[in-house]
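Engineer: This is the content of input.txt (compact mmCIF, C-alpha atoms and all ligand atoms):
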```
# COMPACT_ATOMS: atom_id res chain seq x y z
CA MET A 823 14.71 5.25 41.04
CA TYR A 824 11.18 6.01 42.25
CA ARG A 825 10.62 8.20 39.23
CA ALA A 826 11.96 5.54 36.90
CA THR A 827 9.63 2.94 38.40
CA LEU A 828 6.63 5.21 37.91
CA LEU A 829 7.56 5.80 34.32
CA PHE A 830 8.00 2.09 33.80
CA LEU A 831 4.53 1.41 35.25
CA ALA A 832 3.02 4.16 33.11
CA ALA A 833 4.57 2.57 30.06
CA LEU A 834 3.04 -0.79 30.98
CA ALA A 835 -0.38 0.74 31.55
CA ALA A 836 -0.55 2.67 28.30
CA PRO A 837 1.62 1.29 25.53
CA ALA A 838 2.51 3.97 23.02
CA ALA A 839 0.66 3.81 19.74
CA HIS A 840 2.76 2.77 16.79
CA ASP A 841 3.39 5.77 14.62
CA PHE A 842 1.56 5.80 11.30
CA SER A 843 4.11 5.19 8.54
CA GLY A 844 3.37 6.64 5.10
CA GLU A 845 6.12 4.45 3.65
CA ARG A 846 4.50 1.30 4.99
CA ALA A 847 1.06 2.38 3.76
CA MET A 848 2.64 2.88 0.31
CA ASP A 849 4.22 -0.58 0.51
CA TYR A 850 0.83 -2.14 1.25
CA THR A 851 -0.64 -0.23 -1.70
CA ARG A 852 2.20 -1.39 -3.97
CA LYS A 853 1.45 -4.95 -2.93
CA ALA A 854 -2.24 -4.51 -3.83
CA VAL A 855 -1.32 -3.03 -7.23
CA ALA A 856 1.06 -5.93 -7.91
CA TYR A 857 -1.96 -8.26 -8.05
CA GLY A 858 -2.95 -6.38 -11.23
CA PRO A 859 -6.49 -5.20 -12.09
CA ARG A 860 -8.77 -6.23 -9.19
CA PRO A 861 -12.38 -5.93 -10.33
CA ILE A 862 -15.27 -7.58 -8.46
CA GLY A 863 -15.33 -11.37 -8.64
CA SER A 864 -11.77 -11.64 -10.02
CA PRO A 865 -9.11 -14.08 -8.79
CA ALA A 866 -6.79 -11.09 -8.25
CA LEU A 867 -9.28 -9.49 -5.85
CA ARG A 868 -9.60 -12.78 -3.93
CA ARG A 869 -5.81 -12.94 -3.65
CA LEU A 870 -5.74 -9.38 -2.29
CA GLU A 871 -8.54 -10.28 0.15
CA ALA A 872 -6.45 -13.20 1.45
CA PHE A 873 -3.47 -10.86 1.89
CA ILE A 874 -5.61 -8.32 3.76
CA VAL A 875 -7.05 -10.99 6.08
CA SER A 876 -3.65 -12.50 6.91
CA THR A 877 -2.06 -9.08 7.47
CA LEU A 878 -4.89 -7.99 9.78
CA LYS A 879 -4.64 -11.20 11.77
CA SER A 880 -0.91 -10.67 12.26
CA ASP A 881 -1.74 -7.18 13.60
CA GLY A 882 -3.90 -8.80 16.27
CA CYS A 883 -7.35 -7.56 15.29
CA GLN A 884 -10.51 -9.67 15.16
CA VAL A 885 -11.22 -10.35 11.48
CA THR A 886 -14.53 -11.34 9.93
CA VAL A 887 -15.45 -11.65 6.27
CA ASP A 888 -18.92 -10.40 5.33
CA SER A 889 -19.85 -12.47 2.26
CA PHE A 890 -22.87 -11.59 0.11
CA THR A 891 -24.11 -11.58 -3.47
CA GLY A 892 -24.04 -8.33 -5.42
CA HIS A 893 -26.78 -8.13 -8.06
CA THR A 894 -25.00 -6.33 -10.89
CA PRO A 895 -25.93 -5.55 -14.52
CA ASN A 896 -23.63 -8.50 -15.40
CA GLY A 897 -25.53 -10.85 -13.09
CA PRO A 898 -24.89 -12.02 -9.52
CA VAL A 899 -21.33 -11.66 -8.19
CA ALA A 900 -19.94 -13.11 -4.93
CA MET A 901 -18.54 -10.22 -2.87
CA HIS A 902 -16.64 -9.98 0.41
CA ASN A 903 -16.31 -7.05 2.80
CA VAL A 904 -13.45 -7.56 5.26
CA ILE A 905 -14.04 -6.23 8.78
CA CYS A 906 -11.38 -5.88 11.45
CA ARG A 907 -12.26 -5.01 15.05
CA PHE A 908 -10.15 -3.62 17.85
CA PRO A 909 -12.46 -3.97 20.85
CA GLY A 910 -13.10 -1.24 23.41
CA SER A 911 -15.26 -1.24 26.54
CA THR A 912 -17.98 1.41 26.08
CA GLY A 913 -20.13 -0.44 23.54
CA LYS A 914 -19.71 2.53 21.16
CA ALA A 915 -17.89 2.15 17.86
CA ILE A 916 -15.78 4.32 15.56
CA VAL A 917 -15.65 3.00 11.99
CA ILE A 918 -13.01 3.71 9.34
CA THR A 919 -13.78 2.40 5.86
CA GLY A 920 -12.47 2.28 2.29
CA HIS A 921 -12.83 0.11 -0.81
CA TYR A 922 -10.36 -2.45 -2.19
CA ASP A 923 -11.92 -3.37 -5.56
CA THR A 924 -10.92 -1.61 -8.79
CA LYS A 925 -13.15 -0.49 -11.65
CA ILE A 926 -13.57 -2.80 -14.63
CA LEU A 927 -11.42 -0.99 -17.20
CA PRO A 928 -8.67 -2.16 -19.55
CA ARG A 929 -5.16 -1.99 -18.02
CA PHE A 930 -6.52 -0.27 -14.90
CA VAL A 931 -4.59 -1.12 -11.70
CA GLY A 932 -6.12 1.57 -9.44
CA ALA A 933 -3.06 2.59 -7.38
CA ASN A 934 -4.94 5.55 -5.93
CA ASP A 935 -8.53 4.40 -6.59
CA GLY A 936 -8.90 1.17 -4.64
CA GLY A 937 -5.21 0.70 -3.81
CA SER A 938 -4.56 3.68 -1.54
CA SER A 939 -7.64 3.10 0.63
CA ALA A 940 -6.64 -0.53 1.23
CA GLY A 941 -3.03 0.47 1.98
CA LEU A 942 -4.08 3.18 4.41
CA LEU A 943 -6.46 0.87 6.29
CA LEU A 944 -3.79 -1.83 6.59
CA GLU A 945 -1.33 0.67 8.06
CA LEU A 946 -4.04 1.92 10.43
CA ALA A 947 -4.38 -1.64 11.73
CA HIS A 948 -0.63 -1.68 12.31
CA ALA A 949 -0.78 1.67 14.15
CA LEU A 950 -3.79 0.66 16.29
CA GLN A 951 -2.56 -2.78 17.37
CA GLY A 952 -1.93 -3.38 21.05
CA VAL A 953 -3.31 -0.01 22.22
CA PRO A 954 -6.08 -0.17 24.86
CA ARG A 955 -9.32 1.29 23.45
CA LYS A 956 -12.26 3.12 24.94
CA ASP A 957 -14.56 2.55 21.97
CA ASP A 958 -14.50 -0.28 19.44
CA VAL A 959 -12.55 0.70 16.35
CA LEU A 960 -13.71 -1.11 13.23
CA LEU A 961 -11.80 -1.04 9.95
CA VAL A 962 -13.88 -2.06 6.93
CA PHE A 963 -12.56 -2.96 3.46
CA PHE A 964 -15.50 -2.67 1.05
CA ASP A 965 -15.90 -4.86 -2.00
CA GLY A 966 -17.88 -3.57 -5.00
CA GLU A 967 -17.58 0.20 -4.61
CA GLU A 968 -17.22 0.75 -8.34
CA ALA A 969 -20.05 0.66 -10.85
CA VAL A 970 -19.98 -2.32 -13.20
CA LYS A 971 -21.34 -0.15 -16.02
CA GLU A 972 -22.63 3.42 -15.60
CA TRP A 973 -22.79 4.75 -12.02
CA THR A 974 -26.37 4.58 -10.68
CA ASP A 975 -27.87 4.04 -7.23
CA ALA A 976 -28.32 0.34 -8.11
CA ASP A 977 -24.96 -0.09 -9.86
CA SER A 978 -22.41 1.16 -7.30
CA LEU A 979 -21.54 0.92 -3.59
CA TYR A 980 -22.47 -2.79 -3.38
CA GLY A 981 -20.41 -3.47 -0.25
CA SER A 982 -21.38 -0.40 1.73
CA ARG A 983 -25.08 -0.70 0.86
CA HIS A 984 -25.02 -4.33 1.98
CA LEU A 985 -23.20 -3.62 5.26
CA ALA A 986 -25.35 -0.60 6.16
CA ASP A 987 -28.46 -2.79 5.81
CA ARG A 988 -26.90 -5.65 7.76
CA TRP A 989 -25.74 -3.36 10.56
CA GLN A 990 -29.15 -1.71 10.65
CA ALA A 991 -30.75 -5.13 11.20
CA ASP A 992 -28.31 -6.34 13.88
CA GLY A 993 -28.18 -3.07 15.85
CA THR A 994 -24.55 -2.15 15.07
CA LEU A 995 -25.49 1.16 13.42
CA ALA A 996 -26.94 2.49 16.68
CA ARG A 997 -23.52 1.99 18.35
CA ILE A 998 -21.58 4.06 15.80
CA LYS A 999 -20.28 7.45 16.99
CA ALA A 1000 -18.86 8.30 13.57
CA LEU A 1001 -17.80 6.69 10.31
CA ILE A 1002 -14.94 8.05 8.20
CA ASN A 1003 -14.50 6.71 4.65
CA VAL A 1004 -11.20 7.18 2.80
CA ASP A 1005 -10.86 7.05 -1.00
CA MET A 1006 -8.12 8.23 -3.38
CA ILE A 1007 -5.96 9.64 -0.60
CA GLY A 1008 -2.50 8.76 -1.98
CA ASP A 1009 -2.14 11.52 -4.63
CA ARG A 1010 1.25 13.22 -4.17
CA ASP A 1011 -0.59 16.52 -4.68
CA LEU A 1012 -3.01 15.98 -1.79
CA GLU A 1013 -6.06 18.22 -1.54
CA LEU A 1014 -9.14 16.79 0.15
CA VAL A 1015 -12.72 17.68 -0.71
CA TYR A 1016 -14.73 19.57 1.92
CA ASP A 1017 -17.64 17.25 1.33
CA MET A 1018 -20.98 18.90 1.97
CA SER A 1019 -22.92 15.61 1.73
CA SER A 1020 -21.07 14.44 4.85
CA SER A 1021 -21.96 14.98 8.54
CA ALA A 1022 -21.05 18.58 9.43
CA GLN A 1023 -20.11 17.49 12.95
CA VAL A 1024 -17.59 14.87 11.82
CA ARG A 1025 -16.28 17.13 9.05
CA THR A 1026 -15.58 19.90 11.58
CA LEU A 1027 -13.91 17.46 13.98
CA VAL A 1028 -11.64 16.08 11.24
CA TRP A 1029 -10.77 19.47 9.73
CA ASP A 1030 -9.98 20.82 13.22
CA ALA A 1031 -7.73 17.79 13.81
CA ALA A 1032 -5.94 18.49 10.51
CA ASP A 1033 -5.45 22.15 11.46
CA ALA A 1034 -4.06 21.14 14.87
CA LEU A 1035 -1.52 18.81 13.22
CA GLY A 1036 -0.37 21.52 10.80
CA TYR A 1037 -1.97 19.95 7.71
CA SER A 1038 -4.38 22.79 6.83
CA SER A 1039 -3.00 23.17 3.29
CA HIS A 1040 -4.18 19.61 2.47
CA PHE A 1041 -7.58 20.22 4.08
CA PRO A 1042 -8.93 23.37 2.41
CA ARG A 1043 -12.55 24.36 2.89
CA ALA A 1044 -13.64 24.40 -0.76
CA PRO A 1045 -17.11 22.81 -0.77
CA ASN A 1046 -18.08 19.97 -3.08
CA ALA A 1047 -20.48 17.03 -2.78
CA ILE A 1048 -19.37 13.45 -3.34
CA THR A 1049 -21.31 10.19 -3.54
CA ASP A 1050 -19.15 7.45 -2.05
CA ASP A 1051 -19.26 4.55 0.43
CA HIS A 1052 -20.26 6.89 3.31
CA VAL A 1053 -23.65 7.61 1.70
CA PRO A 1054 -25.53 4.38 2.58
CA PHE A 1055 -24.60 5.02 6.23
CA LEU A 1056 -25.68 8.68 6.06
CA GLN A 1057 -28.99 7.47 4.68
CA HIS A 1058 -29.38 5.30 7.79
CA GLY A 1059 -28.68 8.27 10.09
CA VAL A 1060 -25.00 7.54 10.85
CA LYS A 1061 -22.68 10.55 11.25
CA ALA A 1062 -20.43 9.79 8.29
CA LEU A 1063 -17.68 11.63 6.42
CA ASP A 1064 -15.91 11.03 3.11
CA LEU A 1065 -12.22 11.88 2.85
CA ILE A 1066 -11.40 11.98 -0.85
CA ASP A 1067 -9.04 13.88 -3.13
CA PHE A 1068 -11.04 14.19 -6.32
CA ASP A 1069 -8.48 16.22 -8.24
CA TYR A 1070 -6.08 13.54 -9.44
CA GLY A 1071 -3.73 14.73 -12.19
CA PRO A 1072 -4.42 17.71 -14.47
CA ASN A 1073 -8.23 18.14 -14.51
CA ASN A 1074 -8.60 14.80 -12.68
CA SER A 1075 -7.24 13.10 -15.82
CA TYR A 1076 -5.61 10.14 -14.00
CA TRP A 1077 -8.95 9.10 -12.50
CA HIS A 1078 -10.33 5.83 -13.96
CA THR A 1079 -7.52 5.61 -16.53
CA PRO A 1080 -4.39 3.45 -16.91
CA GLU A 1081 -2.52 6.55 -15.62
CA ASP A 1082 -3.60 5.66 -12.05
CA THR A 1083 -0.23 4.12 -11.11
CA MET A 1084 2.13 4.07 -8.11
CA ASP A 1085 4.37 6.87 -9.44
CA LYS A 1086 1.52 9.37 -8.91
CA LEU A 1087 1.43 8.67 -5.15
CA ALA A 1088 3.59 9.84 -2.24
CA PRO A 1089 4.14 8.42 1.28
CA ARG A 1090 3.58 11.84 2.84
CA SER A 1091 -0.03 11.94 1.56
CA PHE A 1092 -0.80 8.62 3.28
CA GLU A 1093 0.95 9.89 6.40
CA VAL A 1094 -1.08 13.13 6.50
CA VAL A 1095 -4.41 11.31 6.14
CA GLY A 1096 -3.41 8.45 8.46
CA ARG A 1097 -2.32 10.79 11.25
CA VAL A 1098 -5.44 12.94 10.91
CA VAL A 1099 -7.64 9.82 11.11
CA LEU A 1100 -5.80 8.61 14.23
CA GLU A 1101 -6.19 12.06 15.82
CA ALA A 1102 -9.88 12.05 14.89
CA ILE A 1103 -10.29 8.64 16.57
CA ARG A 1104 -8.59 10.02 19.69
CA ARG A 1105 -10.89 13.06 19.73
CA LEU A 1106 -14.01 10.95 19.14
CA GLU A 1107 -13.08 8.62 22.00
CA ALA A 1108 -12.48 11.59 24.30
CA ALA A 1109 -15.57 13.53 23.24
CA TYR A 1110 -18.41 11.53 24.78
ZN ZN B 1 -13.28 4.77 -8.80
```
Taking this structure as input, can you express it in the form of structure tokens?
Ligand SMILES: [Zn+2]
Structural biologist:
Amino acid sequence: MYRATLLFLAALAAPAAHDFSGERAMDYTRKAVAYGPRPIGSPALRRLEAFIVSTLKSDGCQVTVDSFTGHTPNGPVAMHNVICRFPGSTGKAIVITGHYDTKILPRFVGANDGGSSAGLLLELAHALQGVPRKDDVLLVFFDGEEAVKEWTDADSLYGSRHLADRWQADGTLARIKALINVDMIGDRDLELVYDMSSSAQVRTLVWDAADALGYSSHFPRAPNAITDDHVPFLQHGVKALDLIDFDYGPNNSYWHTPEDTMDKLAPRSFEVVGRVVLEAIRRLEAAY
């Protein structure tokens, strides 16, 4: 009886985290893909944004929309980053990011590239809801990751460049312990890049977490260097990491083609990345 009461009190004090479901992350991704091609400024992307906002609100996180104008080779475009906050008490923040726009290409629905990052972040919100936090956890859905024409410093990463500047100005960057960006993580043949442009400290923490969970085969240590939404934050001194599988189909042949469809993805890949990110958050909160 005494023992049971103690257990009951313990359960009240620390509600168990929801498990990260790869199936549910896939379902969110399928929903995103069902809106069709979702390039910057499109009605389909606005419909997906509304779905993201309403889903996040139902998961109990504090949602804000960061609206700005992206100056693209096609002229000014209204863009919207979506930010969801689960508040902690230390004043420090852990930030998980990914993009939800798709590249402007004919018949391109971006199941993996743009879809999987949005699906994973939505399932993270589900897994994080209702759990007391030490640090703030912020989930950020970037608009405008893709280049409108050819990839250059000026024509790419519109959302992350904007937010890094805004957070520099308002002091948020100084509160960030680590930022982890996810991109193209749904490939059924999951092999993540050991990104040498990223923070070595965060990379080691995340790869150690993957090893501890038994996912080493998906987290090899084959070095590469990737330019993605983590870079504007690195440039501002934030410890940031990119988690990307940049080997999508034979010789990356599904990347930026109409072949980037749901049938190339698997729930287990979302589950592996989602669980590693949750373990990384736990380790970051415990670390300092
Ligand atoms: Zn892309």
Engineer: Just the residues within 10 Å of Ala976 (chain A), please, counting only C-alpha atoms, with nothing from its chain fewer than 6 positions along; format it as a list in words.
Structural biologist: His893, Thr894, Pro895, Ala969 and Arg983 of chain A
Engineer: Between A:Arg1043, A:Arg1090, A:Arg907, A:His921, which has the minimum distance to ligand ZN 1 (chain B) (counting only C-alpha atoms and all ligand atoms)?
Structural biologist: A:His921
Engineer: Quick one: pull the distance between CA of Leu1012 (chain A) and CA of Ser938 (chain A), Å, one decimal.
Structural biologist: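 Between CA of Leu1012 (chain A) and CA of Ser938 (chain A) the gap works out to 12.4 Å.
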Engineer: Which distance in Å separates CA of Arg997 (chain A) and CA of Leu1106 (chain A), to one decimal?
Structural biologist: 13.1 Å
Engineer: Using all atoms listed in the file, which of A:His1078, A:His1040, A:Lys956, A:His984 sits nearest Pro1054 (chain A)?
Structural biologist: A:His984
Engineer: Nearest residue to ligand ZN 1 (chain B) out of A:Val917, A:Leu927, A:Ala947, A:Ala1022, using all atoms listed in the file?
Structural biologist: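 Comparing A:Val917, A:Leu927, A:Ala947, A:Ala1022 against ligand ZN 1 (chain B), the winner is A:Leu927.
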Engineer: Please return, as a PyMOL selection string, all polymer residues that have at least one atom within 12 Å of the point (-18.8, 5.4, 1.7); use only C-alpha atoms and the file's own coordinate frame.
Structural biologist: chain A and resi 917-921+939+962-968+978-986+1001-1005+1017+1019-1020+1048-1057+1060-1066
Engineer: Restricting the calculation to all atoms listed in the file: of A:Pro859, A:Gly910, A:Gly882, A:Gly892, which residue gets closest to Gln951 (chain A)?
Structural biologist: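 When distances to Gln951 (chain A) are compared using all atoms listed in the file, the smallest one comes from A:Gly882.
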Engineer: Using all atoms listed in the file, pick whichever of A:Ile926, A:Ala991, A:Ala915, A:Val953 has the shortest atom-to-atom distance to ligand ZN 1 (chain B).
Structural biologist: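 The closest residue to ligand ZN 1 (chain B) is A:Ile926.
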Engineer: Quick one: residues within 12 Å of Leu878 (chain A), all atoms listed in the file, excluding same-chain residues fewer than 6 positions away - as a PyMOL selection string?
Structural biologist: chain A and resi 850+871-872+884-887+904-908+940-941+943-951+960-963
Engineer: Please compute the CA of Lys999 (chain A)-CA of Phe1068 (chain A) distance, one decimal, in Å.
Structural biologist: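 Between CA of Lys999 (chain A) and CA of Phe1068 (chain A) the gap works out to 26.0 Å.
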